[in-house]
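Here's protein-v4.pdb, which has PDB, C-alpha atoms and all ligand atoms:
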ATOM      1  CA  MET A 853       8.267 -73.058 -52.904
ATOM      2  CA  ASN A 854       6.170 -72.992 -49.712
ATOM      3  CA  THR A 855       6.573 -72.834 -45.961
ATOM      4  CA  PRO A 856       5.914 -76.019 -43.977
ATOM      5  CA  GLU A 857       2.338 -74.733 -43.435
ATOM      6  CA  GLY A 858       1.872 -74.057 -47.128
ATOM      7  CA  LYS A 859       2.218 -70.289 -46.736
ATOM      8  CA  LYS A 860       4.385 -67.912 -48.706
ATOM      9  CA  VAL A 861       8.125 -68.062 -48.193
ATOM     10  CA  ARG A 862       9.658 -64.775 -47.113
ATOM     11  CA  THR A 863      12.562 -63.934 -49.411
ATOM     12  CA  ILE A 864      15.090 -61.331 -48.320
ATOM     13  CA  ALA A 865      18.054 -60.136 -50.383
ATOM     14  CA  ILE A 866      21.059 -58.772 -48.487
ATOM     15  CA  ALA A 867      23.025 -56.244 -50.537
ATOM     16  CA  SER A 868      25.451 -53.352 -50.097
ATOM     17  CA  GLY A 869      27.175 -52.193 -53.232
ATOM     18  CA  LYS A 870      30.562 -52.156 -51.546
ATOM     19  CA  GLY A 871      32.358 -55.376 -50.622
ATOM     20  CA  GLY A 872      33.584 -56.192 -47.149
ATOM     21  CA  VAL A 873      30.828 -54.407 -45.226
ATOM     22  CA  GLY A 874      29.465 -57.575 -43.627
ATOM     23  CA  LYS A 875      26.791 -59.031 -45.943
ATOM     24  CA  THR A 876      27.903 -62.620 -45.699
ATOM     25  CA  ASN A 877      28.478 -62.547 -41.951
ATOM     26  CA  ILE A 878      25.142 -60.862 -41.303
ATOM     27  CA  THR A 879      23.357 -63.314 -43.615
ATOM     28  CA  ALA A 880      24.875 -66.319 -41.855
ATOM     29  CA  SER A 881      24.069 -64.964 -38.400
ATOM     30  CA  LEU A 882      20.593 -63.796 -39.406
ATOM     31  CA  ALA A 883      19.933 -67.379 -40.473
ATOM     32  CA  MET A 884      21.113 -68.620 -37.060
ATOM     33  CA  ALA A 885      18.931 -66.080 -35.254
ATOM     34  CA  LEU A 886      15.903 -67.167 -37.294
ATOM     35  CA  ARG A 887      16.642 -70.804 -36.436
ATOM     36  CA  LYS A 888      16.498 -69.818 -32.767
ATOM     37  CA  LEU A 889      12.974 -68.602 -33.473
ATOM     38  CA  ASP A 890      12.348 -72.062 -34.875
ATOM     39  CA  LYS A 891      12.090 -70.873 -38.467
ATOM     40  CA  LYS A 892      13.183 -73.043 -41.347
ATOM     41  CA  VAL A 893      15.805 -71.143 -43.275
ATOM     42  CA  MET A 894      17.664 -71.470 -46.530
ATOM     43  CA  ILE A 895      20.608 -69.289 -47.518
ATOM     44  CA  PHE A 896      21.122 -68.818 -51.227
ATOM     45  CA  ASP A 897      24.735 -67.839 -51.858
ATOM     46  CA  ALA A 898      24.107 -65.535 -54.787
ATOM     47  CA  ASP A 899      27.707 -64.415 -55.016
ATOM     48  CA  LEU A 900      27.764 -66.883 -57.840
ATOM     49  CA  GLY A 901      31.328 -66.478 -59.036
ATOM     50  CA  LEU A 902      33.034 -65.976 -55.664
ATOM     51  CA  SER A 903      31.134 -67.924 -53.065
ATOM     52  CA  ASN A 904      31.700 -67.257 -49.359
ATOM     53  CA  ILE A 905      28.936 -68.688 -47.218
ATOM     54  CA  ASP A 906      30.398 -72.184 -47.457
ATOM     55  CA  VAL A 907      33.707 -70.880 -46.092
ATOM     56  CA  ILE A 908      32.101 -68.906 -43.271
ATOM     57  CA  LEU A 909      29.985 -71.882 -42.228
ATOM     58  CA  ASN A 910      32.730 -74.432 -42.849
ATOM     59  CA  LEU A 911      30.630 -76.468 -45.237
ATOM     60  CA  VAL A 912      31.818 -79.239 -47.449
ATOM     61  CA  THR A 913      30.051 -78.778 -50.733
ATOM     62  CA  LYS A 914      30.138 -81.465 -53.321
ATOM     63  CA  TYR A 915      28.103 -79.726 -55.967
ATOM     64  CA  ASN A 916      27.353 -76.111 -56.690
ATOM     65  CA  ILE A 917      25.097 -73.974 -58.774
ATOM     66  CA  ASP A 918      27.207 -74.597 -61.858
ATOM     67  CA  HIS A 919      26.154 -78.274 -61.792
ATOM     68  CA  LEU A 920      22.560 -77.097 -61.794
ATOM     69  CA  PHE A 921      23.091 -74.838 -64.787
ATOM     70  CA  LYS A 922      24.831 -77.612 -66.649
ATOM     71  CA  GLY A 923      21.786 -79.789 -66.009
ATOM     72  CA  GLU A 924      23.857 -82.331 -64.105
ATOM     73  CA  LYS A 925      22.114 -81.887 -60.739
ATOM     74  CA  LYS A 926      18.778 -80.805 -59.264
ATOM     75  CA  LEU A 927      18.366 -78.074 -56.670
ATOM     76  CA  LYS A 928      17.805 -80.597 -53.884
ATOM     77  CA  ASP A 929      21.103 -82.350 -54.732
ATOM     78  CA  LEU A 930      22.990 -79.083 -54.246
ATOM     79  CA  ILE A 931      21.568 -78.098 -50.902
ATOM     80  CA  VAL A 932      23.775 -78.802 -47.941
ATOM     81  CA  GLU A 933      22.754 -78.856 -44.321
ATOM     82  CA  GLY A 934      24.684 -76.259 -42.355
ATOM     83  CA  PRO A 935      24.989 -75.688 -38.600
ATOM     84  CA  ASN A 936      21.721 -75.784 -36.625
ATOM     85  CA  GLY A 937      19.802 -77.116 -39.604
ATOM     86  CA  VAL A 938      20.236 -74.088 -41.861
ATOM     87  CA  LYS A 939      20.029 -75.163 -45.478
ATOM     88  CA  VAL A 940      22.537 -73.660 -47.873
ATOM     89  CA  LEU A 941      22.431 -73.442 -51.611
ATOM     90  CA  PRO A 942      26.108 -72.989 -52.450
ATOM     91  CA  ALA A 943      27.501 -70.929 -55.294
ATOM     92  CA  SER A 944      30.813 -71.694 -56.935
ATOM     93  CA  SER A 945      34.169 -70.052 -56.814
ATOM     94  CA  GLY A 946      36.230 -68.856 -59.718
ATOM     95  CA  ILE A 947      33.656 -69.339 -62.452
ATOM     96  CA  GLN A 948      33.640 -66.022 -64.261
ATOM     97  CA  GLU A 949      30.587 -66.805 -66.442
ATOM     98  CA  LEU A 950      28.329 -66.953 -63.398
ATOM     99  CA  THR A 951      28.889 -63.306 -62.549
ATOM    100  CA  THR A 952      26.254 -62.515 -65.171
ATOM    101  CA  LEU A 953      23.424 -64.989 -65.442
ATOM    102  CA  ASP A 954      21.953 -65.451 -68.878
ATOM    103  CA  GLU A 955      18.328 -66.106 -69.741
ATOM    104  CA  PHE A 956      18.827 -69.849 -69.837
ATOM    105  CA  GLN A 957      20.355 -69.899 -66.365
ATOM    106  CA  ARG A 958      17.502 -67.795 -64.965
ATOM    107  CA  LEU A 959      14.948 -70.170 -66.424
ATOM    108  CA  ARG A 960      16.811 -73.101 -65.002
ATOM    109  CA  LEU A 961      16.688 -71.523 -61.527
ATOM    110  CA  ILE A 962      12.970 -70.878 -61.878
ATOM    111  CA  GLU A 963      12.195 -74.457 -62.820
ATOM    112  CA  GLU A 964      14.247 -75.756 -59.962
ATOM    113  CA  PHE A 965      12.709 -73.443 -57.359
ATOM    114  CA  GLU A 966       9.258 -74.367 -58.616
ATOM    115  CA  ALA A 967       9.978 -78.042 -58.168
ATOM    116  CA  TYR A 968      11.522 -77.636 -54.720
ATOM    117  CA  ASP A 969       8.938 -78.725 -52.190
ATOM    118  CA  GLU A 970      10.683 -79.059 -48.838
ATOM    119  CA  GLY A 971       9.069 -76.304 -46.794
ATOM    120  CA  ILE A 972      11.111 -73.322 -45.648
ATOM    121  CA  ASP A 973      10.000 -70.101 -43.938
ATOM    122  CA  TYR A 974      12.803 -67.800 -45.024
ATOM    123  CA  LEU A 975      15.032 -67.633 -48.074
ATOM    124  CA  LEU A 976      18.000 -65.319 -47.453
ATOM    125  CA  ILE A 977      19.904 -64.252 -50.551
ATOM    126  CA  ASP A 978      23.506 -63.182 -49.933
ATOM    127  CA  THR A 979      24.356 -61.076 -52.973
ATOM    128  CA  SER A 980      27.750 -60.179 -54.371
ATOM    129  CA  SER A 981      29.400 -56.809 -54.146
ATOM    130  CA  GLY A 982      29.146 -54.266 -56.927
ATOM    131  CA  ILE A 983      26.065 -53.210 -58.841
ATOM    132  CA  SER A 984      26.074 -56.004 -61.369
ATOM    133  CA  SER A 985      23.041 -57.241 -63.247
ATOM    134  CA  ASN A 986      22.990 -60.276 -60.950
ATOM    135  CA  VAL A 987      22.731 -58.092 -57.839
ATOM    136  CA  ALA A 988      19.916 -56.008 -59.313
ATOM    137  CA  PHE A 989      18.196 -59.161 -60.492
ATOM    138  CA  PHE A 990      18.257 -60.869 -57.068
ATOM    139  CA  CYS A 991      17.213 -57.709 -55.226
ATOM    140  CA  MET A 992      14.289 -57.267 -57.589
ATOM    141  CA  ALA A 993      13.342 -60.916 -57.378
ATOM    142  CA  ALA A 994      13.233 -60.957 -53.563
ATOM    143  CA  GLN A 995      10.316 -59.500 -51.618
ATOM    144  CA  GLU A 996      12.542 -57.404 -49.383
ATOM    145  CA  THR A 997      16.016 -55.947 -49.671
ATOM    146  CA  ILE A 998      18.231 -55.204 -46.694
ATOM    147  CA  ILE A 999      20.949 -52.715 -47.584
ATOM    148  CA  ILE A1000      24.002 -53.003 -45.372
ATOM    149  CA  THR A1001      26.326 -50.073 -44.925
ATOM    150  CA  SER A1002      29.205 -49.315 -42.618
ATOM    151  CA  ALA A1003      30.457 -45.898 -41.559
ATOM    152  CA  GLU A1004      33.007 -45.650 -44.364
ATOM    153  CA  PRO A1005      32.127 -42.940 -46.875
ATOM    154  CA  THR A1006      32.710 -45.406 -49.723
ATOM    155  CA  ALA A1007      30.223 -47.868 -48.187
ATOM    156  CA  LEU A1008      27.656 -45.085 -47.945
ATOM    157  CA  THR A1009      28.149 -43.851 -51.508
ATOM    158  CA  ASP A1010      27.998 -47.408 -52.853
ATOM    159  CA  ALA A1011      24.842 -48.163 -50.846
ATOM    160  CA  TYR A1012      23.283 -44.998 -52.254
ATOM    161  CA  ALA A1013      24.400 -45.914 -55.791
ATOM    162  CA  LEU A1014      22.774 -49.347 -55.484
ATOM    163  CA  ILE A1015      19.526 -47.859 -54.174
ATOM    164  CA  LYS A1016      19.576 -45.321 -56.999
ATOM    165  CA  VAL A1017      20.013 -48.001 -59.677
ATOM    166  CA  LEU A1018      17.252 -50.190 -58.223
ATOM    167  CA  PHE A1019      14.933 -47.211 -58.018
ATOM    168  CA  THR A1020      15.667 -45.525 -61.339
ATOM    169  CA  LYS A1021      15.913 -48.707 -63.417
ATOM    170  CA  TYR A1022      13.420 -50.931 -61.613
ATOM    171  CA  GLN A1023      11.210 -48.507 -59.627
ATOM    172  CA  GLU A1024      12.058 -50.218 -56.354
ATOM    173  CA  LYS A1025      11.107 -47.985 -53.427
ATOM    174  CA  ASN A1026      11.357 -50.253 -50.407
ATOM    175  CA  PHE A1027      14.678 -50.644 -48.717
ATOM    176  CA  LYS A1028      15.523 -51.692 -45.213
ATOM    177  CA  VAL A1029      18.852 -50.392 -43.927
ATOM    178  CA  LEU A1030      21.132 -52.096 -41.422
ATOM    179  CA  VAL A1031      24.228 -50.184 -40.300
ATOM    180  CA  ASN A1032      27.114 -52.497 -39.507
ATOM    181  CA  ASN A1033      30.465 -52.214 -37.791
ATOM    182  CA  VAL A1034      29.870 -48.944 -35.926
ATOM    183  CA  GLN A1035      30.703 -47.869 -32.382
ATOM    184  CA  ASP A1036      27.200 -47.344 -31.096
ATOM    185  CA  LYS A1037      23.598 -46.485 -31.871
ATOM    186  CA  LYS A1038      24.365 -42.777 -32.152
ATOM    187  CA  GLU A1039      26.898 -43.359 -34.926
ATOM    188  CA  ALA A1040      24.547 -45.818 -36.645
ATOM    189  CA  VAL A1041      21.687 -43.314 -36.678
ATOM    190  CA  GLU A1042      23.973 -40.586 -38.024
ATOM    191  CA  ILE A1043      25.077 -42.856 -40.866
ATOM    192  CA  TYR A1044      21.521 -43.910 -41.575
ATOM    193  CA  ASN A1045      20.368 -40.286 -41.600
ATOM    194  CA  ARG A1046      22.953 -39.381 -44.199
ATOM    195  CA  LEU A1047      21.798 -42.166 -46.477
ATOM    196  CA  SER A1048      18.126 -41.533 -45.946
ATOM    197  CA  THR A1049      18.485 -37.756 -46.435
ATOM    198  CA  ALA A1050      20.159 -38.345 -49.805
ATOM    199  CA  ALA A1051      17.501 -40.892 -50.812
ATOM    200  CA  GLU A1052      14.711 -38.507 -49.853
ATOM    201  CA  ARG A1053      16.230 -35.430 -51.418
ATOM    202  CA  PHE A1054      17.396 -36.885 -54.721
ATOM    203  CA  LEU A1055      15.114 -39.879 -55.245
ATOM    204  CA  SER A1056      12.100 -38.949 -53.101
ATOM    205  CA  ILE A1057      12.062 -42.331 -51.390
ATOM    206  CA  SER A1058      11.938 -43.142 -47.669
ATOM    207  CA  LEU A1059      14.223 -45.802 -46.324
ATOM    208  CA  GLU A1060      13.503 -47.935 -43.270
ATOM    209  CA  TYR A1061      16.088 -48.198 -40.507
ATOM    210  CA  ILE A1062      16.044 -51.684 -38.997
ATOM    211  CA  GLY A1063      18.987 -51.369 -36.601
ATOM    212  CA  PHE A1064      22.726 -51.670 -36.254
ATOM    213  CA  VAL A1065      25.361 -54.251 -35.455
ATOM    214  CA  PRO A1066      28.305 -52.800 -33.526
ATOM    215  CA  HIS A1067      31.955 -53.308 -34.290
ATOM    216  CA  ASP A1068      32.878 -56.429 -32.368
ATOM    217  CA  ASN A1069      36.205 -58.259 -32.489
ATOM    218  CA  LEU A1070      34.359 -61.515 -31.936
ATOM    219  CA  VAL A1071      32.911 -61.230 -35.465
ATOM    220  CA  ARG A1072      36.391 -61.579 -36.939
ATOM    221  CA  LYS A1073      37.230 -64.303 -34.438
ATOM    222  CA  ALA A1074      34.143 -66.254 -35.505
ATOM    223  CA  VAL A1075      35.163 -65.843 -39.177
ATOM    224  CA  CYS A1076      38.557 -67.349 -38.384
ATOM    225  CA  GLN A1077      36.795 -70.271 -36.698
ATOM    226  CA  GLN A1078      34.494 -70.557 -39.732
ATOM    227  CA  ARG A1079      31.382 -70.079 -37.666
ATOM    228  CA  ALA A1080      28.540 -67.579 -37.704
ATOM    229  CA  PHE A1081      29.145 -65.047 -34.912
ATOM    230  CA  LEU A1082      25.655 -65.526 -33.569
ATOM    231  CA  ASP A1083      26.324 -69.211 -33.186
ATOM    232  CA  ALA A1084      29.901 -68.985 -31.867
ATOM    233  CA  TYR A1085      29.376 -65.978 -29.586
ATOM    234  CA  PRO A1086      25.666 -65.646 -28.802
ATOM    235  CA  ASP A1087      26.339 -63.230 -25.947
ATOM    236  CA  SER A1088      28.555 -60.891 -27.968
ATOM    237  CA  ALA A1089      27.366 -57.347 -28.578
ATOM    238  CA  ALA A1090      27.086 -58.090 -32.320
ATOM    239  CA  ALA A1091      24.958 -61.195 -31.716
ATOM    240  CA  ARG A1092      22.679 -59.411 -29.242
ATOM    241  CA  SER A1093      22.031 -56.571 -31.682
ATOM    242  CA  LEU A1094      21.336 -58.916 -34.561
ATOM    243  CA  THR A1095      19.031 -61.038 -32.412
ATOM    244  CA  GLU A1096      16.992 -57.931 -31.637
ATOM    245  CA  ILE A1097      16.842 -56.972 -35.321
ATOM    246  CA  THR A1098      15.800 -60.509 -36.260
ATOM    247  CA  GLU A1099      12.988 -60.578 -33.709
ATOM    248  CA  LYS A1100      11.624 -57.282 -35.009
ATOM    249  CA  LEU A1101      11.943 -58.453 -38.592
ATOM    250  CA  ASN A1102      10.135 -61.682 -37.812
ATOM    251  CA  ASN A1103       7.354 -59.828 -36.005
ATOM    252  CA  ASP A1104       6.880 -57.424 -38.886
ATOM    253  CA  LYS A1105       3.703 -58.864 -40.319
ATOM    254  CA  SER A1106       3.145 -56.093 -42.827
ATOM    255  CA  GLU A1107       2.263 -57.437 -46.250
ATOM    256  CA  HIS A1108       5.531 -57.860 -48.108
ATOM    257  CA  VAL A1109       5.164 -55.618 -51.036
ATOM    258  CA  LYS A1110       5.998 -57.962 -53.828
ATOM    259  CA  GLY A1111       3.789 -60.755 -52.546
ATOM    260  CA  SER A1112       5.420 -64.136 -52.596
ATOM    261  CA  LEU A1113       8.042 -66.433 -53.904
ATOM    262  CA  GLN A1114       5.892 -66.433 -56.975
ATOM    263  CA  PHE A1115       7.334 -62.994 -57.447
ATOM    264  CA  PHE A1116      10.780 -64.404 -56.916
ATOM    265  CA  LEU A1117      10.098 -66.732 -59.781
ATOM    266  CA  GLY A1118       8.279 -64.156 -61.867
ATOM    267  CA  GLY A1119      11.026 -61.674 -61.137
ATOM    268  CA  LEU A1120      13.574 -64.086 -62.436
ATOM    269  CA  ILE A1121      11.735 -64.450 -65.687
ATOM    270  CA  ASN A1122      10.799 -60.855 -66.283
ATOM    271  CA  SER A1123      13.903 -59.095 -65.068
ATOM    272  CA  LYS A1124      15.516 -57.378 -68.031
ATOM    273  CA  CYS A1125      18.891 -56.877 -66.403
TER     274      CYS A1125
HETATM  275  N1  LIG B1201      30.273 -55.946 -36.886
HETATM  276  C1  LIG B1201      31.535 -56.249 -37.210
HETATM  277  N2  LIG B1201      32.541 -56.115 -36.307
HETATM  278  C2  LIG B1201      33.817 -56.405 -36.606
HETATM  279  N3  LIG B1201      34.221 -56.859 -37.822
HETATM  280  C3  LIG B1201      33.266 -57.013 -38.771
HETATM  281  C4  LIG B1201      31.891 -56.721 -38.523
HETATM  282  N4  LIG B1201      31.192 -57.002 -39.655
HETATM  283  C5  LIG B1201      32.096 -57.428 -40.574
HETATM  284  N5  LIG B1201      33.341 -57.443 -40.048
HETATM  285  C6  LIG B1201      34.607 -57.828 -40.732
HETATM  286  O1  LIG B1201      34.455 -57.568 -42.109
HETATM  287  C7  LIG B1201      34.846 -58.699 -42.865
HETATM  288  C8  LIG B1201      34.052 -58.766 -44.152
HETATM  289  O2  LIG B1201      32.728 -59.204 -43.902
HETATM  290  P1  LIG B1201      31.856 -59.999 -44.993
HETATM  291  O3  LIG B1201      30.625 -60.459 -44.301
HETATM  292  O4  LIG B1201      32.675 -61.036 -45.678
HETATM  293  O5  LIG B1201      31.535 -58.813 -46.003
HETATM  294  P2  LIG B1201      30.813 -58.844 -47.436
HETATM  295  O6  LIG B1201      30.041 -60.120 -47.539
HETATM  296  O7  LIG B1201      29.943 -57.627 -47.437
HETATM  297  O8  LIG B1201      31.911 -58.742 -48.460
HETATM  298  C9  LIG B1201      34.653 -59.876 -41.926
HETATM  299  O9  LIG B1201      35.508 -60.934 -42.260
HETATM  300  C10 LIG B1201      34.944 -59.303 -40.561
HETATM  301  O10 LIG B1201      36.323 -59.422 -40.281
HETATM  302 MG    MG B1202      30.142 -61.649 -49.049
END
Do you think you could lay out the structure here as structure tokens?
Amino acid sequence: MNTPEGKKVRTIAIASGKGGVGKTNITASLAMALRKLDKKVMIFDADLGLSNIDVILNLVTKYNIDHLFKGEKKLKDLIVEGPNGVKVLPASSGIQELTTLDEFQRLRLIEEFEAYDEGIDYLLIDTSSGISSNVAFFCMAAQETIIITSAEPTALTDAYALIKVLFTKYQEKNFKVLVNNVQDKKEAVEIYNRLSTAAERFLSISLEYIGFVPHDNLVRKAVCQQRAFLDAYPDSAAARSLTEITEKLNNDKSEHVKGSLQFFLGGLINSKC
């Protein structure tokens, strides 16, 4: 998988541990913000058993990842074009088996990603809640992981638990943190500091704060309209914050630690989740 210029695709997993903290909404709007920067984006709905992205973006999906695993369809047959040209690889809903991918399914994904040759710049992976083997597997396979937390103590403890598992089991040390659904920057920084203090003290790893998205009633309104908030309400406080985060993220030219989508593929093969 390459960018239109034949460069490496940037793969970012969005994870949280706890459900309902904003992963899917942030993923959808991050994709929209990247499109505004003229980037070609694909969202991989990796909440394989309980898909959401298709609902949030009001997509009609004919096929899903289950058809790929059954060998009935190719990756390119599954991909649907979402708003503003965002490509979406839909998951499926209500298929319990997909909550833990087996070796065969991982191999199938690898083959399909290898064969996919329509250039994209960013692959955003919206993971499921919990600390399942699938979540660990997608976080390890991506080059970067954005951990989303809100101010709720349970969101913080679950974010810490996910970081701890990825570090202790897979030696992952690089985590970006986005604080969602808070009043203001002050609250966001306080929340981030709590998480980063725990990570430094107990795991000896430094986290990277990438910003916050404030609580904004227009996020919920956009969900009800089945649109990404950045698309429906570009001037909302939430959209403005995420646009700023996206611009910084896109300008961050530091070498992404794990290298390339090659790692995504290699990670899929080697991950012993
Ligand atoms: N910044 C925010 N401001 C207000 N409500 C939010 C915000 N972020 C998320 N929400 C609310 O939280 C709900 C759950 O978000 P979602 O993206 O589905 O979470 P997850 O994917 O982590 O389970 C949304 O439907 C929305 O109502
Ligand atoms: Mg979700």
Near-stretch 866-873 of chain A list (9 Å; only C-alpha atoms; drop same-chain fewer than 4 positions) as a count of residues only: 31
Hey, which residues sit close to ligand LIG 1201 (chain B)? Say within 6 Å, counting all atoms listed in the file, and write them as a PyMOL selection string. chain A and resi 871-877+1032-1033+1065-1069+1071-1072+1075+1090
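The smallest atom-to-atom distance between A:Ser985 and any of A:Asp918, A:Asp1087, A:Asp954, A:Asp969, using only C-alpha atoms, is found for A:Asp954.
The spacing separating atom CA of A:Leu1055 from atom CA of A:Asp1036 amounts to 28.0 Å.
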Any chance you could work out the residue set of the PyMOL selection byres (((chain A and resi 880) around 12) and not hetatm) here, as a PDB file with C-alpha atoms, in the frame of the given file?
ATOM      1  CA  ILE A 866      21.059 -58.772 -48.487  1.00  0.00           C
ATOM      2  CA  GLY A 874      29.465 -57.575 -43.627  1.00  0.00           C
ATOM      3  CA  LYS A 875      26.791 -59.031 -45.943  1.00  0.00           C
ATOM      4  CA  THR A 876      27.903 -62.620 -45.699  1.00  0.00           C
ATOM      5  CA  ASN A 877      28.478 -62.547 -41.951  1.00  0.00           C
ATOM      6  CA  ILE A 878      25.142 -60.862 -41.303  1.00  0.00           C
ATOM      7  CA  THR A 879      23.357 -63.314 -43.615  1.00  0.00           C
ATOM      8  CA  SER A 881      24.069 -64.964 -38.400  1.00  0.00           C
ATOM      9  CA  LEU A 882      20.593 -63.796 -39.406  1.00  0.00           C
ATOM     10  CA  ALA A 883      19.933 -67.379 -40.473  1.00  0.00           C
ATOM     11  CA  MET A 884      21.113 -68.620 -37.060  1.00  0.00           C
ATOM     12  CA  ALA A 885      18.931 -66.080 -35.254  1.00  0.00           C
ATOM     13  CA  LEU A 886      15.903 -67.167 -37.294  1.00  0.00           C
ATOM     14  CA  ARG A 887      16.642 -70.804 -36.436  1.00  0.00           C
ATOM     15  CA  VAL A 893      15.805 -71.143 -43.275  1.00  0.00           C
ATOM     16  CA  MET A 894      17.664 -71.470 -46.530  1.00  0.00           C
ATOM     17  CA  ILE A 895      20.608 -69.289 -47.518  1.00  0.00           C
ATOM     18  CA  PHE A 896      21.122 -68.818 -51.227  1.00  0.00           C
ATOM     19  CA  ASP A 897      24.735 -67.839 -51.858  1.00  0.00           C
ATOM     20  CA  ASN A 904      31.700 -67.257 -49.359  1.00  0.00           C
ATOM     21  CA  ILE A 905      28.936 -68.688 -47.218  1.00  0.00           C
ATOM     22  CA  ASP A 906      30.398 -72.184 -47.457  1.00  0.00           C
ATOM     23  CA  VAL A 907      33.707 -70.880 -46.092  1.00  0.00           C
ATOM     24  CA  ILE A 908      32.101 -68.906 -43.271  1.00  0.00           C
ATOM     25  CA  LEU A 909      29.985 -71.882 -42.228  1.00  0.00           C
ATOM     26  CA  ASN A 910      32.730 -74.432 -42.849  1.00  0.00           C
ATOM     27  CA  GLY A 934      24.684 -76.259 -42.355  1.00  0.00           C
ATOM     28  CA  PRO A 935      24.989 -75.688 -38.600  1.00  0.00           C
ATOM     29  CA  ASN A 936      21.721 -75.784 -36.625  1.00  0.00           C
ATOM     30  CA  VAL A 938      20.236 -74.088 -41.861  1.00  0.00           C
ATOM     31  CA  LYS A 939      20.029 -75.163 -45.478  1.00  0.00           C
ATOM     32  CA  VAL A 940      22.537 -73.660 -47.873  1.00  0.00           C
ATOM     33  CA  LEU A 975      15.032 -67.633 -48.074  1.00  0.00           C
ATOM     34  CA  LEU A 976      18.000 -65.319 -47.453  1.00  0.00           C
ATOM     35  CA  ILE A 977      19.904 -64.252 -50.551  1.00  0.00           C
ATOM     36  CA  ASP A 978      23.506 -63.182 -49.933  1.00  0.00           C
ATOM     37  CA  VAL A1071      32.911 -61.230 -35.465  1.00  0.00           C
ATOM     38  CA  ALA A1074      34.143 -66.254 -35.505  1.00  0.00           C
ATOM     39  CA  VAL A1075      35.163 -65.843 -39.177  1.00  0.00           C
ATOM     40  CA  GLN A1078      34.494 -70.557 -39.732  1.00  0.00           C
ATOM     41  CA  ARG A1079      31.382 -70.079 -37.666  1.00  0.00           C
ATOM     42  CA  ALA A1080      28.540 -67.579 -37.704  1.00  0.00           C
ATOM     43  CA  PHE A1081      29.145 -65.047 -34.912  1.00  0.00           C
ATOM     44  CA  LEU A1082      25.655 -65.526 -33.569  1.00  0.00           C
ATOM     45  CA  ASP A1083      26.324 -69.211 -33.186  1.00  0.00           C
ATOM     46  CA  ALA A1084      29.901 -68.985 -31.867  1.00  0.00           C
ATOM     47  CA  ALA A1091      24.958 -61.195 -31.716  1.00  0.00           C
ATOM     48  CA  LEU A1094      21.336 -58.916 -34.561  1.00  0.00           C
TER      49      LEU A1094
END
State, in Å with one decimal place, the distance from atom CA of A:Lys860 to atom MG of ligand MG 1202 (chain B). 26.5 Å
Rank A:Ile1097, A:Leu953, A:Leu911, A:Ala898 by their smallest atom-to-atom distance to ligand MG 1202 (chain B), using all atoms listed in the file, and report the top residue only. A:Ala898
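Pairwise distance (atom CA of A:Ile864, atom CA of A:Gln995) equals 6.1 Å.
Minimum distance to A:Gly971 across A:Glu1004, A:Lys891, A:Arg1046, A:Ala988 (counting all atoms listed in the file) occurs at A:Lys891.
Distances to A:Asn1102 were evaluated for A:Leu1047, A:Leu959, A:Ala865, A:Leu889 using all atoms listed in the file, and the minimum falls at A:Leu889.
Comparing A:Lys1028, A:Lys892, A:Lys1105, A:Lys1073 by their smallest distance to A:Asp973, the closest is A:Lys892 (using only C-alpha atoms).
Distances to ligand MG 1202 (chain B) were evaluated for A:Ala943, A:Ala967, A:Ala1089, A:Leu927 using all atoms listed in the file, and the minimum falls at A:Ala943.
The residue set within 7 Å of A:Ile1057, counting all atoms listed in the file and dropping same-chain residues fewer than 4 places from it, reads Lys1025, Ala1051 and Glu1052 of chain A.
Residues in contact with A:Gly1063 at 8 Å, where only C-alpha atoms are counted and same-chain residues fewer than 4 positions away are skipped, are listed as Val1029, Leu1030, Val1031, Ala1040, Ser1093 and Ile1097 of chain A.
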Show me, as AutoDock Vina command-line options, the centre and edge lengths in Å to one decimal of the axis-aligned box that covers every listed atom of stretch 1076-1088 of chain A with 5 Å on each side.
--center_x 32.1 --center_y -65.7 --center_z -32.8 --size_x 22.9 --size_y 19.7 --size_z 23.8
